[in-house]
file data.csv (CSV, C-alpha atoms)
chain,number,residue,atom,x,y,z
A,1,MET,CA,14.8,3.0,4.9
A,2,GLN,CA,11.4,2.1,6.4
A,3,GLY,CA,8.5,0.8,4.5
A,4,ASP,CA,5.0,-0.6,5.2
A,5,GLN,CA,5.2,-4.4,5.9
A,6,PRO,CA,8.5,-4.9,4.0
A,7,GLU,CA,9.2,-8.3,2.3
A,8,THR,CA,12.5,-9.9,1.9
A,9,THR,CA,11.4,-12.6,-0.5
A,10,GLY,CA,11.8,-12.7,-4.3
A,11,ARG,CA,8.4,-11.0,-4.8
A,12,GLY,CA,9.6,-8.3,-2.3
A,13,TYR,CA,12.7,-7.9,-4.4
A,14,THR,CA,10.8,-7.4,-7.6
A,15,LEU,CA,8.4,-4.8,-6.0
A,16,LEU,CA,11.3,-2.9,-4.3
A,17,GLN,CA,13.3,-2.9,-7.6
A,18,ALA,CA,10.3,-1.3,-9.3
A,19,ALA,CA,9.8,1.1,-6.5
A,20,MET,CA,13.5,2.2,-6.8
A,21,GLU,CA,13.2,2.7,-10.6
A,22,ARG,CA,10.2,5.1,-10.4
A,23,PRO,CA,11.9,7.8,-8.3
A,24,ALA,CA,15.2,7.3,-10.2
A,25,GLY,CA,13.4,8.1,-13.4
A,26,THR,CA,11.6,11.1,-12.0
A,27,ARG,CA,13.3,14.3,-13.0
A,28,ILE,CA,12.8,17.8,-11.5
A,29,SER,CA,13.9,20.9,-13.5
A,30,THR,CA,14.2,24.4,-12.1
A,31,ASN,CA,15.1,27.8,-13.7
A,32,ILE,CA,15.9,30.5,-11.3
A,33,THR,CA,16.7,34.1,-12.4
A,34,THR,CA,19.1,36.0,-10.1
A,35,GLY,CA,21.7,38.7,-10.6
A,36,GLY,CA,20.8,39.1,-14.2
A,37,GLN,CA,21.4,35.4,-14.9
A,38,GLU,CA,19.0,32.5,-15.4
A,39,ILE,CA,20.2,29.2,-13.8
A,40,PHE,CA,18.7,26.0,-15.2
A,41,GLU,CA,19.1,22.8,-13.1
A,42,THR,CA,17.8,19.3,-13.5
A,43,PHE,CA,18.1,16.4,-11.1
A,44,GLY,CA,16.4,13.2,-10.0
A,45,LEU,CA,14.8,12.3,-6.7
A,46,ILE,CA,17.4,9.7,-6.0
A,47,GLU,CA,21.0,9.5,-7.3
A,48,ARG,CA,21.4,5.8,-7.1
A,49,ALA,CA,20.1,2.6,-5.5
A,50,LYS,CA,21.6,-0.8,-4.7
A,51,ILE,CA,19.9,-4.0,-3.6
A,52,VAL,CA,22.0,-7.0,-2.5
A,53,ARG,CA,20.4,-10.5,-2.3
A,54,GLU,CA,21.5,-14.1,-2.1
A,55,THR,CA,21.4,-15.9,-5.5
A,56,ARG,CA,20.6,-19.1,-3.7
A,57,ASP,CA,17.2,-18.3,-2.4
A,58,GLY,CA,16.7,-14.7,-3.5
A,59,ARG,CA,16.5,-13.3,0.0
A,60,MET,CA,17.4,-9.6,0.2
A,61,GLN,CA,20.2,-8.8,2.6
A,62,GLU,CA,20.9,-5.1,2.0
A,63,VAL,CA,19.3,-2.1,0.5
A,64,GLU,CA,21.1,1.2,-0.1
A,65,VAL,CA,19.6,4.4,-1.5
A,66,LYS,CA,21.5,7.6,-2.1
A,67,LEU,CA,19.2,10.6,-2.3
A,68,SER,CA,19.7,13.6,-4.4
A,69,ASP,CA,21.1,16.6,-2.6
A,70,TRP,CA,17.8,18.5,-3.1
A,71,VAL,CA,15.8,15.7,-1.4
A,72,PHE,CA,18.4,15.2,1.3
A,73,ASN,CA,18.5,18.9,2.2
A,74,ALA,CA,14.7,19.2,2.2
A,75,ILE,CA,14.5,16.3,4.7
A,76,ARG,CA,17.2,17.8,6.9
A,77,ALA,CA,15.3,21.2,6.8
A,78,GLN,CA,12.1,19.3,7.7
A,79,GLU,CA,10.4,20.6,4.5
A,80,VAL,CA,9.0,17.1,3.6
A,81,LEU,CA,5.6,16.1,4.9
A,82,THR,CA,5.1,12.6,6.4
A,83,LEU,CA,2.4,10.3,5.1
A,84,SER,CA,0.3,7.8,7.0
A,85,ARG,CA,1.1,4.2,6.5
A,86,GLU,CA,-2.5,3.7,5.6
A,87,TYR,CA,-2.0,6.0,2.6
A,88,PHE,CA,-0.3,3.0,0.8
A,89,ARG,CA,-3.5,1.0,1.3
A,90,LEU,CA,-5.6,3.5,-0.7
A,91,ARG,CA,-6.3,1.8,-4.0
A,92,LYS,CA,-7.6,4.6,-6.2
A,93,PRO,CA,-5.2,7.3,-7.5
A,94,LEU,CA,-7.9,10.0,-6.8
A,95,GLU,CA,-8.1,8.8,-3.2
A,96,ARG,CA,-4.4,9.2,-2.8
A,97,ARG,CA,-4.3,12.6,-4.4
A,98,ILE,CA,-7.1,13.9,-2.1
A,99,TYR,CA,-5.1,12.6,0.9
A,100,GLU,CA,-2.0,14.4,-0.4
A,101,LEU,CA,-3.9,17.6,-0.8
A,102,ALA,CA,-5.5,17.3,2.7
A,103,ARG,CA,-2.1,16.5,4.2
A,104,LYS,CA,-0.6,19.6,2.6
A,105,HIS,CA,-3.4,22.2,3.0
A,106,CYS,CA,-5.2,20.9,6.1
A,107,GLY,CA,-2.1,19.5,7.9
A,108,ARG,CA,-2.9,19.7,11.7
A,109,GLN,CA,-5.6,22.4,11.3
A,110,LYS,CA,-9.1,21.5,12.3
A,111,GLU,CA,-10.5,21.7,8.8
A,112,TRP,CA,-9.9,22.8,5.2
A,113,ARG,CA,-12.4,23.6,2.4
A,114,VAL,CA,-11.9,23.6,-1.3
A,115,SER,CA,-14.3,24.1,-4.2
A,116,MET,CA,-14.9,21.3,-6.6
A,117,GLU,CA,-13.6,23.4,-9.5
A,118,VAL,CA,-10.3,24.1,-7.7
A,119,LEU,CA,-10.0,20.5,-6.4
A,120,GLN,CA,-10.4,19.2,-9.9
A,121,LYS,CA,-7.5,21.4,-11.1
A,122,LYS,CA,-5.3,20.4,-8.2
A,123,CYS,CA,-6.0,16.7,-8.9
A,124,GLY,CA,-5.2,17.2,-12.6
A,125,SER,CA,-8.4,15.5,-13.6
A,126,GLY,CA,-9.4,15.4,-17.3
A,127,SER,CA,-13.0,14.4,-16.6
A,128,THR,CA,-15.9,16.8,-16.8
A,129,LEU,CA,-16.7,18.6,-13.6
A,130,ARG,CA,-19.9,16.5,-13.3
A,131,GLU,CA,-18.0,13.2,-13.6
A,132,PHE,CA,-15.3,14.4,-11.3
A,133,ARG,CA,-17.9,15.3,-8.7
A,134,ARG,CA,-19.4,11.8,-9.0
A,135,LEU,CA,-16.0,10.2,-8.4
A,136,VAL,CA,-15.3,12.3,-5.4
A,137,THR,CA,-18.8,11.6,-4.0
A,138,ALA,CA,-18.1,7.9,-4.2
A,139,ILE,CA,-14.9,8.3,-2.3
A,140,VAL,CA,-16.7,10.4,0.3
A,141,LYS,CA,-19.5,7.9,0.7
A,142,GLU,CA,-16.9,5.2,1.3
A,143,ASP,CA,-15.3,7.3,4.0
A,144,GLU,CA,-18.7,7.9,5.6
A,145,ASP,CA,-19.3,4.2,5.8
A,146,TYR,CA,-15.8,2.9,6.7
A,147,ASN,CA,-13.7,5.9,7.8
A,148,HIS,CA,-11.1,4.6,5.4
A,149,MET,CA,-9.3,7.9,4.6
A,150,PRO,CA,-6.2,8.2,6.9
A,151,ASP,CA,-5.9,11.2,9.2
A,152,TYR,CA,-8.8,13.1,7.7
A,153,GLN,CA,-12.5,12.9,7.4
A,154,ILE,CA,-13.9,14.0,4.1
A,155,ARG,CA,-17.4,15.2,3.4
A,156,ILE,CA,-19.2,17.2,0.7
A,157,ASP,CA,-20.8,20.5,1.5
A,158,THR,CA,-23.6,20.4,-1.1
A,159,GLU,CA,-24.8,24.0,-0.4
A,160,ARG,CA,-21.3,25.5,-1.2
A,161,ASN,CA,-20.3,22.7,-3.7
A,162,GLN,CA,-17.1,22.2,-1.6
A,163,LEU,CA,-15.1,19.3,-0.3
A,164,LEU,CA,-14.8,19.6,3.5
A,165,VAL,CA,-11.8,18.1,5.1
A,166,ARG,CA,-11.6,17.6,8.9
A,167,SER,CA,-8.6,16.4,10.8
A,168,ARG,CA,-9.0,13.3,12.8
A,169,GLY,CA,-6.3,14.5,15.2
A,170,THR,CA,-3.9,11.7,14.3
A,171,VAL,CA,-1.2,13.7,12.5
A,172,GLY,CA,1.8,14.0,14.8
A,173,PRO,CA,4.4,16.8,14.9
A,174,GLU,CA,6.9,17.0,12.0
A,175,ILE,CA,9.8,17.7,14.3
A,176,SER,CA,11.8,14.6,15.0
A,177,THR,CA,12.7,13.8,18.6
A,178,ARG,CA,15.5,11.4,17.7
A,179,ILE,CA,19.1,12.2,18.6
A,180,ASP,CA,21.0,14.0,15.8
A,181,ILE,CA,24.0,11.7,15.1
A,182,PRO,CA,26.0,12.8,12.0
A,183,PRO,CA,26.5,10.5,9.0
A,184,LEU,CA,29.1,7.8,9.7
A,185,ASP,CA,32.4,7.4,7.9
A,186,PRO,CA,31.7,5.0,4.9
A,187,ASP,CA,34.8,2.9,5.9
A,188,VAL,CA,33.1,1.9,9.2
A,189,TYR,CA,30.6,-0.3,7.4
A,190,ASP,CA,33.2,-3.0,6.4
A,191,MET,CA,34.2,-3.2,10.1
A,192,ALA,CA,30.6,-3.3,11.1
A,193,ARG,CA,30.0,-6.3,8.8
A,194,ALA,CA,33.0,-8.1,10.5
A,195,ALA,CA,31.6,-7.2,13.9
A,196,ALA,CA,28.1,-8.5,13.0
A,197,PRO,CA,28.6,-11.0,10.3
A,198,GLY,CA,25.5,-11.8,8.2
A,199,TRP,CA,23.5,-8.8,9.4
A,200,ASP,CA,22.4,-5.9,7.3
A,201,VAL,CA,24.6,-3.2,8.9
A,202,HIS,CA,22.4,-0.4,7.6
A,203,MET,CA,19.4,-1.9,9.4
A,204,VAL,CA,21.5,-2.3,12.5
A,205,GLU,CA,22.6,1.3,12.2
A,206,GLN,CA,18.9,2.4,12.2
A,207,GLU,CA,18.3,0.3,15.4
A,208,TRP,CA,21.4,2.0,17.0
A,209,ARG,CA,20.3,5.5,16.1
A,210,GLN,CA,16.8,4.8,17.5
A,211,TRP,CA,18.3,3.3,20.7
A,212,ALA,CA,20.8,6.1,21.3
A,213,THR,CA,20.0,8.6,24.1
A,214,ASP,CA,22.7,11.1,23.3
A,215,THR,CA,25.2,12.0,20.6
A,216,PRO,CA,28.4,9.8,21.2
A,217,ARG,CA,31.8,11.5,21.2
A,218,ASN,CA,33.0,9.0,18.6
A,219,PRO,CA,30.0,7.8,16.6
A,220,GLU,CA,31.9,5.2,14.6
A,221,MET,CA,33.4,3.4,17.7
A,222,ALA,CA,30.0,3.6,19.4
A,223,PHE,CA,28.3,2.0,16.4
A,224,LEU,CA,30.9,-0.8,16.2
A,225,GLY,CA,30.4,-1.5,19.8
A,226,PHE,CA,26.6,-1.7,19.2
A,227,CYS,CA,27.2,-4.1,16.3
A,228,ARG,CA,29.3,-6.4,18.5
A,229,LYS,CA,26.6,-6.5,21.2
A,230,TRP,CA,24.0,-7.0,18.6
A,231,HIS,CA,25.8,-10.1,17.3
A,232,GLU,CA,26.6,-11.4,20.8
A,233,ARG,CA,23.0,-11.4,21.7
A,234,ARG,CA,21.4,-12.6,18.5
A,235,GLY,CA,24.1,-14.5,16.7
A,236,LYS,CA,23.9,-14.9,12.9
A,237,PRO,CA,20.6,-14.1,11.2
call {"tool": "encode", "arguments": {"input": "data.csv", "output": "structure tokens"}}
result
Amino acid sequence: MQGDQPETTGRGYTLLQAAMERPAGTRISTNITTGGQEIFETFGLIERAKIVRETRDGRMQEVEVKLSDWVFNAIRAQEVLTLSREYFRLRKPLERRIYELARKHCGRQKEWRVSMEVLQKKCGSGSTLREFRRLVTAIVKEDEDYNHMPDYQIRIDTERNQLLVRSRGTVGPEISTRIDIPPLDPDVYDMARAAAPGWDVHMVEQEWRQWATDTPRNPEMAFLGFCRKWHERRGKP
């Protein structure tokens, strides 16, 4: 799991705990009609989450998140859009929503246009159209002055009463270039903790996956070897 400027302190623990509870409480329901039957299904974004920390100083040691099958399959099929790290620095909910819409509809295209009426509906705003336009104009003015919107430049076309979104050319390809190593046998993590005592083995695993140049014949043994080398070079954390 990778975040923006992660913290391992007590404050970081509190923030991460809250961040885990939000998607855990988010439910998605679907009803699909096929073959003369209607199938209703409901599920959460994540199935469970675990945070391990020392009781002495509150420092986090390990974070484990199990995604729902729906989210996991969407990620593997590359049906999930990436967000800029700068997205998390946007303070206003409307700013974030405009970025999300730009990321979805503009993507890596040169530009995307949307009328204020349609934009208001997509943002789910309960304001009057006049007030909504004023709020969007303020965000556009800030982008004109400081280029604060990640990946996209936003402007208002006053003649057409549209929001004009132009790509800054910073959105990379969605296809990952990392080596595809299958999930490891869960039993290997206990052996990894013995090979690299004190280290977060899931963090070490991510380092190993990024370091790998090809798919090993025996991923578990290759990972354990990496853990031993990791501990030999760095010692205990």
call {"tool": "closest_atom_pairs", "arguments": {"input": "data.csv", "of": "stretch 46-114 of chain A", "to": "stretch 143-153 of chain A", "cutoff": "9 Å", "atoms": "all atoms listed in the file", "output": "CSV"}}
result
residue,atom,partner,partner_atom,distance
A:Ser84,CA,A:Pro150,CA,6.5
A:Arg85,CA,A:Pro150,CA,8.3
A:Glu86,CA,A:Pro150,CA,6.0
A:Tyr87,CA,A:Pro150,CA,6.4
A:Leu90,CA,A:Met149,CA,7.8
A:Glu95,CA,A:Met149,CA,7.9
A:Arg96,CA,A:Met149,CA,9.0
A:Tyr99,CA,A:Met149,CA,7.3
A:Ala102,CA,A:Tyr152,CA,7.3
A:Arg103,CA,A:Asp151,CA,8.2
A:Cys106,CA,A:Tyr152,CA,8.7
A:Glu111,CA,A:Tyr152,CA,8.8
call {"tool": "closest_residue", "arguments": {"input": "data.csv", "among": "A:Asp185, A:Glu62, A:Glu38, A:Glu54", "to": "A:Val204", "atoms": "all atoms listed in the file"}}
result
A:Glu62
call {"tool": "residues_around", "arguments": {"input": "data.csv", "residues": "A:Glu232", "least_positions_apart": "4", "cutoff": "10 Å", "atoms": "only C-alpha atoms", "output": "PyMOL selection string"}}
result
chain A and resi 195-196+226-228+236
call {"tool": "residues_near_point", "arguments": {"input": "data.csv", "point": "(20.2, 9.3, -6.2)", "cutoff": "6 Å", "atoms": "only C-alpha atoms", "output": "list in words"}}
result
Ile46, Glu47, Arg48, Lys66, Leu67 and Ser68 of chain A
call {"tool": "atom_distance", "arguments": {"input": "data.csv", "atom1": "atom CA of A:Lys110", "atom2": "atom CA of A:Val165"}}
result
8.4 Å
call {"tool": "atom_distance", "arguments": {"input": "data.csv", "atom1": "atom CA of A:Arg113", "atom2": "atom CA of A:Arg166"}}
result
8.9 Å
call {"tool": "closest_residue", "arguments": {"input": "data.csv", "among": "A:Glu41, A:Met60, A:Asp200, A:Pro219", "to": "A:Gln17", "atoms": "all atoms listed in the file"}}
result
A:Met60
call {"tool": "residues_around", "arguments": {"input": "data.csv", "residues": "A:Arg133", "least_positions_apart": "3", "cutoff": "10 Å", "atoms": "all atoms listed in the file", "output": "list in words"}}
result
Met116, Glu117, Leu119, Gln120, Ser127, Thr128, Leu129, Arg130, Val136, Thr137, Ala138, Ile139, Ile156, Asn161, Gln162 and Leu163 of chain A
